[in-house]
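A short write-up of the structure that comes next.
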Amino acid sequence: MSRWPLPPHMAAALAQAQAAALVGEVPIGAVVIKDGVVIASAHNAPRQLSDPTAHAEVLAIRAAARVLGNDRLDGCELWVTLEPCAMCAGAIVHARIARLYYAAPDPKGGAVEHGARVFEQDQCLHRPEVYSGIGADEAAALLKDFFKARR
């Protein structure tokens with residue numbers, strides 16, 4: 001695991017990921033922060049909600065928008081345990097998330113540093129600051145253990 005203590009916001013995202021695993025969802029968690037305070041949190045729930053768009057990032061962004069009463073999450077940070085996919089990266093763009101922090105890279109399905117690299121496209125309307133690798137070992141271990149138990 002990490003040599004350094006996890007930032008509290010990534011620890012909160014990891015707690016959400018653990019909650020997802022407990023209900024049989026892929027263990028990915030996300031939190032939205034505004035002015036240093038968690039305003040929304042969520043975990044993957046596509047099976048629970050019968051909704052293929054119910055990724056942790058999308059659910060957290062929707063909840064934060066309700067809390068703020070605005071579709072623009074100006075000045076907000078998103079902390080998530082896995083590199084966002086193309087759908088989630090698009091939601092981050094449209095929500096105008098200021099900063100994205102994610103733990104583990106996702107070479108197979110990620111779309112930030114892998115695949116589509118959504119934020120690098122000329123058509124991208126907004127580009128958040130991106131910080132990766134924070135809590136990567138912990139997030140990767142959760143995912144590995146989850147899938148190992150199912151094989």
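Following the order of the structure tokens, first chain is A, next is B, and so on, with residues numbered from 1 inside each chain and ligands from 1 in the order they appear.
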Would you tabulate, counting only C-alpha atoms, all residues of stretch 17-37 of chain A that have an atom at most 10 Å from an atom of stretch 71-84 of chain A, showing the closest pair of atoms and their distance in Å to one decimal, sorted by chain then ascending number, as a Markdown table?
```
| residue | atom | partner | partner_atom | distance |
| --- | --- | --- | --- | --- |
| A:Ala17 | CA | A:Thr81 | CA | 7.3 |
| A:Pro27 | CA | A:Thr81 | CA | 8.4 |
| A:Ile28 | CA | A:Thr81 | CA | 5.6 |
| A:Gly29 | CA | A:Thr81 | CA | 5.7 |
| A:Ala30 | CA | A:Val80 | CA | 4.3 |
| A:Val31 | CA | A:Trp79 | CA | 5.3 |
| A:Val32 | CA | A:Leu78 | CA | 4.6 |
| A:Ile33 | CA | A:Glu77 | CA | 5.0 |
| A:Lys34 | CA | A:Cys76 | CA | 4.8 |
| A:Asp35 | CA | A:Cys76 | CA | 7.4 |
| A:Gly36 | CA | A:Glu77 | CA | 8.8 |
| A:Val37 | CA | A:Cys76 | CA | 9.7 |
```
Distance table requested - stretch 82-130 of chain A against stretch 43-64 of chain A, cut-off 9 Å, only C-alpha atoms: one row per qualifying residue with the closest atom pair and its distance in Å to one decimal, ordered by chain and rising residue number, as JSON lines.
```
{"residue": "A:Pro84", "atom": "CA", "partner": "A:Glu57", "partner_atom": "CA", "distance": 7.7}
{"residue": "A:Met87", "atom": "CA", "partner": "A:Thr53", "partner_atom": "CA", "distance": 8.0}
{"residue": "A:Cys88", "atom": "CA", "partner": "A:Glu57", "partner_atom": "CA", "distance": 6.1}
{"residue": "A:Ala89", "atom": "CA", "partner": "A:Glu57", "partner_atom": "CA", "distance": 8.8}
{"residue": "A:Ala91", "atom": "CA", "partner": "A:Val58", "partner_atom": "CA", "distance": 6.7}
{"residue": "A:Ile92", "atom": "CA", "partner": "A:Ile61", "partner_atom": "CA", "distance": 7.8}
{"residue": "A:Ala95", "atom": "CA", "partner": "A:Ile61", "partner_atom": "CA", "distance": 7.4}
{"residue": "A:Ile97", "atom": "CA", "partner": "A:Ile61", "partner_atom": "CA", "distance": 8.9}
```
_DSSP helix (DSSP H, G or I) residues within stretch 56-140 of chain A, as a count of residues only_ = 31
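Take atom CA of A:Asp145 and atom CA of A:Cys85: the distance between them is 20.8 Å.
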*If you run DSSP over the backbone, which residues in chain A end up strand (DSSP E)? Put them as a ChimeraX atom specification.*
/A:29-34,37-43,76-82,99-104,129-132
Let's have the selection written as a JSON list (two decimals), in the first residue's frame, with N, CA and C atoms.
```json
[["chain", "number", "residue", "atom", "x", "y", "z"],
["A", 29, "GLY", "N", -15.48, 4.33, -6.39],
["A", 29, "GLY", "CA", -16.15, 5.34, -5.59],
["A", 29, "GLY", "C", -15.70, 6.73, -6.00],
["A", 30, "ALA", "N", -16.56, 7.72, -5.71],
["A", 30, "ALA", "CA", -16.26, 9.10, -6.07],
["A", 30, "ALA", "C", -16.84, 10.05, -5.04],
["A", 31, "VAL", "N", -16.15, 11.17, -4.86],
["A", 31, "VAL", "CA", -16.68, 12.25, -4.02],
["A", 31, "VAL", "C", -16.46, 13.58, -4.75],
["A", 32, "VAL", "N", -17.39, 14.49, -4.54],
["A", 32, "VAL", "CA", -17.27, 15.85, -5.07],
["A", 32, "VAL", "C", -17.03, 16.78, -3.89],
["A", 33, "ILE", "N", -16.03, 17.64, -4.05],
["A", 33, "ILE", "CA", -15.60, 18.56, -3.00],
["A", 33, "ILE", "C", -15.84, 19.99, -3.48],
["A", 34, "LYS", "N", -16.38, 20.81, -2.60],
["A", 34, "LYS", "CA", -16.53, 22.25, -2.87],
["A", 34, "LYS", "C", -15.99, 22.98, -1.65],
["A", 37, "VAL", "N", -15.04, 20.82, 1.32],
["A", 37, "VAL", "CA", -16.08, 20.04, 1.99],
["A", 37, "VAL", "C", -16.70, 19.05, 1.01],
["A", 38, "VAL", "N", -16.90, 17.81, 1.46],
["A", 38, "VAL", "CA", -17.59, 16.82, 0.63],
["A", 38, "VAL", "C", -19.05, 17.23, 0.50],
["A", 39, "ILE", "N", -19.50, 17.46, -0.74],
["A", 39, "ILE", "CA", -20.91, 17.81, -0.95],
["A", 39, "ILE", "C", -21.70, 16.67, -1.57],
["A", 40, "ALA", "N", -20.98, 15.66, -2.10],
["A", 40, "ALA", "CA", -21.67, 14.51, -2.69],
["A", 40, "ALA", "C", -20.70, 13.33, -2.75],
["A", 41, "SER", "N", -21.25, 12.15, -2.62],
["A", 41, "SER", "CA", -20.44, 10.94, -2.76],
["A", 41, "SER", "C", -21.31, 9.84, -3.35],
["A", 42, "ALA", "N", -20.66, 8.91, -4.02],
["A", 42, "ALA", "CA", -21.40, 7.82, -4.65],
["A", 42, "ALA", "C", -20.45, 6.68, -4.99],
["A", 43, "HIS", "N", -21.05, 5.53, -5.27],
["A", 43, "HIS", "CA", -20.27, 4.41, -5.79],
["A", 43, "HIS", "C", -20.99, 3.85, -7.00],
["A", 76, "CYS", "N", -15.40, 23.01, -8.18],
["A", 76, "CYS", "CA", -15.48, 21.71, -7.50],
["A", 76, "CYS", "C", -14.35, 20.79, -7.94],
["A", 77, "GLU", "N", -14.03, 19.86, -7.05],
["A", 77, "GLU", "CA", -13.06, 18.81, -7.32],
["A", 77, "GLU", "C", -13.81, 17.48, -7.33],
["A", 78, "LEU", "N", -13.35, 16.56, -8.17],
["A", 78, "LEU", "CA", -13.87, 15.20, -8.18],
["A", 78, "LEU", "C", -12.73, 14.27, -7.84],
["A", 79, "TRP", "N", -12.91, 13.48, -6.81],
["A", 79, "TRP", "CA", -11.94, 12.46, -6.40],
["A", 79, "TRP", "C", -12.57, 11.11, -6.71],
["A", 80, "VAL", "N", -11.87, 10.28, -7.49],
["A", 80, "VAL", "CA", -12.42, 9.00, -7.91],
["A", 80, "VAL", "C", -11.33, 7.93, -7.87],
["A", 81, "THR", "N", -11.72, 6.70, -7.64],
["A", 81, "THR", "CA", -10.75, 5.63, -7.42],
["A", 81, "THR", "C", -10.19, 5.02, -8.69],
["A", 82, "LEU", "N", -10.78, 5.28, -9.85],
["A", 82, "LEU", "CA", -10.29, 4.73, -11.10],
["A", 82, "LEU", "C", -10.37, 5.79, -12.19],
["A", 99, "ARG", "N", -11.03, 20.37, -10.89],
["A", 99, "ARG", "CA", -9.90, 19.47, -10.68],
["A", 99, "ARG", "C", -10.39, 18.04, -10.55],
["A", 100, "LEU", "N", -9.69, 17.14, -11.23],
["A", 100, "LEU", "CA", -9.98, 15.71, -11.16],
["A", 100, "LEU", "C", -8.78, 15.02, -10.52],
["A", 101, "TYR", "N", -9.04, 14.26, -9.48],
["A", 101, "TYR", "CA", -8.02, 13.43, -8.83],
["A", 101, "TYR", "C", -8.48, 11.99, -8.98],
["A", 102, "TYR", "N", -7.64, 11.14, -9.56],
["A", 102, "TYR", "CA", -8.03, 9.74, -9.61],
["A", 102, "TYR", "C", -6.87, 8.86, -9.18],
["A", 103, "ALA", "N", -7.25, 7.70, -8.65],
["A", 103, "ALA", "CA", -6.27, 6.79, -8.06],
["A", 103, "ALA", "C", -5.61, 5.93, -9.14],
["A", 104, "ALA", "N", -6.24, 4.85, -9.51],
["A", 104, "ALA", "CA", -5.63, 3.87, -10.41],
["A", 104, "ALA", "C", -5.87, 4.22, -11.88],
["A", 129, "GLU", "N", -8.01, 20.41, -14.35],
["A", 129, "GLU", "CA", -6.67, 20.00, -13.93],
["A", 129, "GLU", "C", -6.78, 18.53, -13.55],
["A", 130, "VAL", "N", -5.78, 17.73, -13.87],
["A", 130, "VAL", "CA", -5.84, 16.30, -13.60],
["A", 130, "VAL", "C", -4.63, 15.87, -12.77],
["A", 131, "TYR", "N", -4.91, 15.12, -11.72],
["A", 131, "TYR", "CA", -3.88, 14.57, -10.84],
["A", 131, "TYR", "C", -4.17, 13.08, -10.69],
["A", 132, "SER", "N", -3.20, 12.25, -11.01],
["A", 132, "SER", "CA", -3.45, 10.80, -10.97],
["A", 132, "SER", "C", -2.48, 10.10, -10.02]]
```
_With only C-alpha atoms as the counted atoms, please give the residues lying no more than 12 Å from A:Gln121, apart from itself and same-chain residues fewer than 4 positions off, as a PyMOL selection string._
chain A and resi 86+89-90+93+111-113+115-117+125-127
